[in-house]
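Student: One structure, as structure tokens, below. Some questions next.
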Amino acid sequence: LEDIYRLPFKRIPTNRPSQRRFLPDRYFPTQQEKWLAVTERVRELNQSGRPILIGTRSVADSEKLSELFRAENIEHELLNARQNATEAEIIALAGQPFRVTIATNMAGRGTDIEIAEAALQEGGLHVIATEFHEAARIDRQLFGRAARQGDPGSCEVYASLEDSLVKQHAGWLSRLIISHLGHANPQFVGKFILRRLQKKVERAHSNVRASLLESDEQLENLLAFSGTKQ
């Protein structure tokens with residue numbers, strides 16, 4: 001905001017101290033291994049009665065994970081662009097004990113998930129992100145569904161070396177490292193590649209915004225009839 005738009009800003013503290021716990025990222029060589037690990041993680045957490053929210057990047061991924069859950073007899077709700085009529089009801093129940101909800105990023109945005117008292121006693125809502133996005137801001141929006149208003153909650157990332165971020169933005173060196181070391185040490189390679197890729201893409205997007213703003217200002221001044229824009 002300051003560098004690009006020359007706007008002052010002020011950080012506003014949270015209403016109550018945050019109790020959100022960030023668990024270590026987990027990386028896998030393939031998407032299939034990632035989906036199987038997410039399934040096992042949900043089964044493990046669900047036994048304690050904690051509500052779980054799994055965020056996916058696309059409708060296709062949400063439906064793929066839903067099919068896997070059905071095959072493993074994991075009761076869940078699917079929330080993506082195809083449940084408009086029941087979206088409010090699904091969100092209203094997402095904080096109940098033993099509730100498992102799969103959602104895309106756009107689904108249910110702008111609404112709070114109210115956590116039942118019994119679920120709070122078990123640790124609150126647990127959020128699982130199933131890949132990194134091009135902007136860490138979107139990841140933080142998903143994590144922010146847990147541990148709101150001082151409630152307990154936790155979040156973690158399950159990512160693979162076949163995710164969209166790698167396919168779309170990894171250069172030849174990244175692909176070389178992944179192909180040679182990915183299966184041998186996915187945790188090391190994932191941490192080394194994916195986090196850096198995300199920052200690289202964010203920097204590129206920031207440069208584009210700055211360039212567009214500069215072009216707009218130059219064009220406005222060029223076309224002005226009464227001198228330079230004030």
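So you can find residues: chains in the structure tokens are A, B, ... in the order shown, residues in each start at 1, and ligands are numbered from 1 in order.
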Pick out the residues sitting within 6 Å of stretch 74-80 of chain A, and hand them over as an MDAnalysis selection string; count only C-alpha atoms, and ignore anything fewer than 4 positions along from it in its own chain.

Tutor: chainID A and resid 69:70 100:104 107

Student: If DSSP is run on the backbone, what residues of stretch 58-193 of chain A are strand (DSSP E)? A reply as a ChimeraX atom specification would be ideal.

Tutor: /A:77-79,100-104,125-129,152-160

Student: Counting only C-alpha atoms, what are the residues of stretch 122-149 of chain A within 10 Å of stretch 181-194 of chain A, and for each of them which pair of atoms is the nearest and at what distance in Å, to one decimal? Sort the table by chain and rising number, as a Markdown table.

Tutor:
| residue | atom | partner | partner_atom | distance |
| --- | --- | --- | --- | --- |
| A:Glu131 | CA | A:Leu194 | CA | 9.5 |
| A:Phe132 | CA | A:Leu194 | CA | 7.6 |
| A:His133 | CA | A:Leu194 | CA | 9.8 |

Student: Can you write just those residues out, N, CA and C atoms, as a PDB file, in the first residue's frame?

Tutor:
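Output file out-v5.pdb follows:
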ATOM      1  N   GLU A 131      -3.011 -27.018  -0.856  1.00  0.00           N
ATOM      2  CA  GLU A 131      -1.885 -26.551  -1.672  1.00  0.00           C
ATOM      3  C   GLU A 131      -1.669 -25.068  -1.417  1.00  0.00           C
ATOM      4  N   PHE A 132      -0.511 -24.578  -1.820  1.00  0.00           N
ATOM      5  CA  PHE A 132      -0.221 -23.156  -1.712  1.00  0.00           C
ATOM      6  C   PHE A 132      -0.825 -22.417  -2.900  1.00  0.00           C
ATOM      7  N   HIS A 133      -1.269 -21.184  -2.642  1.00  0.00           N
ATOM      8  CA  HIS A 133      -1.799 -20.353  -3.711  1.00  0.00           C
ATOM      9  C   HIS A 133      -0.726 -19.381  -4.194  1.00  0.00           C
TER      10      HIS A 133
END

Student: Tell me, in Å to one decimal, how far atom CA of A:Ser174 is from atom CA of A:Val127.

Tutor: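 Computing the Euclidean distance for atom CA of A:Ser174 and atom CA of A:Val127 yields 28.4 Å.
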
Student: Pick out the residues sitting within 10 Å of A:His169, and hand them over as a tab-separated table (two decimals) with all heavy atoms, in the first residue's frame; count only C-alpha atoms, and ignore anything fewer than 6 positions along from it in its own chain.

Tutor:
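As a result, selection20.tsv now contains:
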chain	number	residue	atom	x	y	z
A	134	GLU	N	-1.01	-18.71	-5.28
A	134	GLU	CA	-0.04	-17.76	-5.81
A	134	GLU	C	0.19	-16.60	-4.85
A	134	GLU	O	1.25	-15.97	-4.88
A	134	GLU	CB	-0.52	-17.24	-7.17
A	134	GLU	CG	-0.50	-18.31	-8.26
A	134	GLU	CD	-0.93	-17.76	-9.60
A	134	GLU	OE1	-1.42	-16.61	-9.63
A	134	GLU	OE2	-0.76	-18.46	-10.61
A	175	ARG	N	12.30	-27.55	-11.69
A	175	ARG	CA	11.84	-28.85	-12.19
A	175	ARG	C	12.96	-29.89	-12.13
A	175	ARG	O	12.71	-31.08	-11.87
A	175	ARG	CB	11.32	-28.69	-13.62
A	175	ARG	CG	9.98	-27.98	-13.70
A	175	ARG	CD	9.36	-28.11	-15.09
A	175	ARG	NE	10.12	-27.36	-16.07
A	175	ARG	CZ	9.89	-26.09	-16.38
A	175	ARG	NH1	8.90	-25.43	-15.79
A	175	ARG	NH2	10.62	-25.46	-17.29
A	194	LEU	N	8.53	-24.68	-2.93
A	194	LEU	CA	7.18	-24.11	-2.95
A	194	LEU	C	7.09	-22.75	-2.26
A	194	LEU	O	6.45	-21.82	-2.78
A	194	LEU	CB	6.19	-25.09	-2.32
A	194	LEU	CG	6.00	-26.41	-3.08
A	194	LEU	CD1	4.91	-27.24	-2.44
A	194	LEU	CD2	5.65	-26.15	-4.53
A	197	LEU	N	8.75	-20.27	-4.50
A	197	LEU	CA	7.94	-20.02	-5.69
A	197	LEU	C	6.81	-19.05	-5.39
A	197	LEU	O	6.53	-18.14	-6.18
A	197	LEU	CB	7.35	-21.34	-6.21
A	197	LEU	CG	8.14	-22.12	-7.25
A	197	LEU	CD1	7.39	-23.39	-7.63
A	197	LEU	CD2	8.41	-21.28	-8.49
A	198	GLN	N	6.16	-19.24	-4.26
A	198	GLN	CA	5.06	-18.36	-3.89
A	198	GLN	C	5.55	-16.92	-3.76
A	198	GLN	O	4.91	-15.98	-4.27
A	198	GLN	CB	4.43	-18.83	-2.58
A	198	GLN	CG	3.15	-18.09	-2.21
A	198	GLN	CD	2.59	-18.56	-0.89
A	198	GLN	OE1	3.24	-18.48	0.15
A	198	GLN	NE2	1.37	-19.07	-0.92
A	200	LYS	N	8.15	-15.62	-5.18
A	200	LYS	CA	8.55	-15.15	-6.51
A	200	LYS	C	7.34	-14.66	-7.29
A	200	LYS	O	7.37	-13.60	-7.92
A	200	LYS	CB	9.24	-16.30	-7.25
A	200	LYS	CG	9.59	-15.97	-8.70
A	200	LYS	CD	10.17	-17.19	-9.41
A	200	LYS	CE	10.40	-16.91	-10.89
A	200	LYS	NZ	10.92	-18.13	-11.59
A	201	VAL	N	6.25	-15.42	-7.25
A	201	VAL	CA	5.03	-15.03	-7.97
A	201	VAL	C	4.43	-13.77	-7.36
A	201	VAL	O	3.96	-12.88	-8.07
A	201	VAL	CB	4.01	-16.18	-7.96
A	201	VAL	CG1	2.70	-15.76	-8.59
A	201	VAL	CG2	4.57	-17.40	-8.69

Student: Ranking A:Phe22, A:Glu202, A:Lys64, A:Lys167 by minimum distance to A:Arg137 and counting only C-alpha atoms, which one comes first?

Tutor: A:Glu202

Student: Which of stretch 86-178 of chain A end up as alpha helix (DSSP H) when DSSP is run on this backbone - answer as number ranges by chain?

Tutor: A: 87-93, 117-121, 136-143, 164-169, 172-178

Student: Residues within 7 Å of A:Pro51, please, as a list in words. Count only C-alpha atoms; anything in the same chain fewer than 6 positions from it doesn't count.

Tutor: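 Answer for this query is Ala94, Gly95, Gln96, Pro97, Phe98, Arg99, Val100, Ala119, Gly124, Leu125 and His126 of chain A.
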
Student: Pull N, CA and C atoms from the residues just selected and write them as a short mmCIF file (atom, residue, chain, number, x, y, z; two decimals), in the first residue's frame.

Tutor:
data_model
loop_
_atom_site.label_atom_id
_atom_site.label_comp_id
_atom_site.auth_asym_id
_atom_site.auth_seq_id
_atom_site.Cartn_x
_atom_site.Cartn_y
_atom_site.Cartn_z
N ALA A 94 -20.84 -26.22 10.08
CA ALA A 94 -19.43 -26.60 9.89
C ALA A 94 -18.63 -26.60 11.18
N GLY A 95 -19.12 -25.94 12.22
CA GLY A 95 -18.39 -25.90 13.49
C GLY A 95 -18.88 -26.87 14.52
N GLN A 96 -19.77 -27.79 14.11
CA GLN A 96 -20.29 -28.78 15.03
C GLN A 96 -19.29 -29.93 15.21
N PRO A 97 -19.33 -30.64 16.34
CA PRO A 97 -18.41 -31.75 16.56
C PRO A 97 -18.53 -32.80 15.46
N PHE A 98 -17.41 -33.38 15.09
CA PHE A 98 -17.31 -34.46 14.10
C PHE A 98 -17.67 -34.00 12.68
N ARG A 99 -17.81 -32.70 12.46
CA ARG A 99 -18.20 -32.20 11.15
C ARG A 99 -16.99 -32.06 10.25
N VAL A 100 -17.06 -32.58 9.04
CA VAL A 100 -15.99 -32.46 8.05
C VAL A 100 -16.56 -31.73 6.83
N ALA A 119 -16.98 -28.64 20.61
CA ALA A 119 -15.86 -28.64 19.67
C ALA A 119 -14.72 -27.76 20.19
N GLY A 124 -11.18 -26.81 18.96
CA GLY A 124 -11.72 -25.90 17.96
C GLY A 124 -11.60 -26.41 16.54
N LEU A 125 -11.86 -25.52 15.60
CA LEU A 125 -11.83 -25.87 14.18
C LEU A 125 -10.40 -26.10 13.72
N HIS A 126 -10.21 -27.16 12.93
CA HIS A 126 -8.91 -27.42 12.31
C HIS A 126 -9.03 -27.22 10.81
#

Student: Residues within 12 Å of A:Ile4, please, as a VMD selection string. Count only C-alpha atoms; anything in the same chain fewer than 3 positions from it doesn't count.

Tutor: chain A and resid 1 7 to 8 205 to 214

Student: Which residue is closest to A:Pro24? Choose from A:Ile138, A:Ala146, A:Ile128, A:Leu222 and count only C-alpha atoms.

Tutor: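 Ranked by minimum distance to A:Pro24, first place goes to A:Ile128.
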
Student: Pick the closest to A:Ser58 from A:Thr14, A:Ser160, A:Asn105, A:Gln218: which is it, counting only C-alpha atoms?

Tutor: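 Using only C-alpha atoms, the shortest distance to A:Ser58 belongs to A:Asn105.
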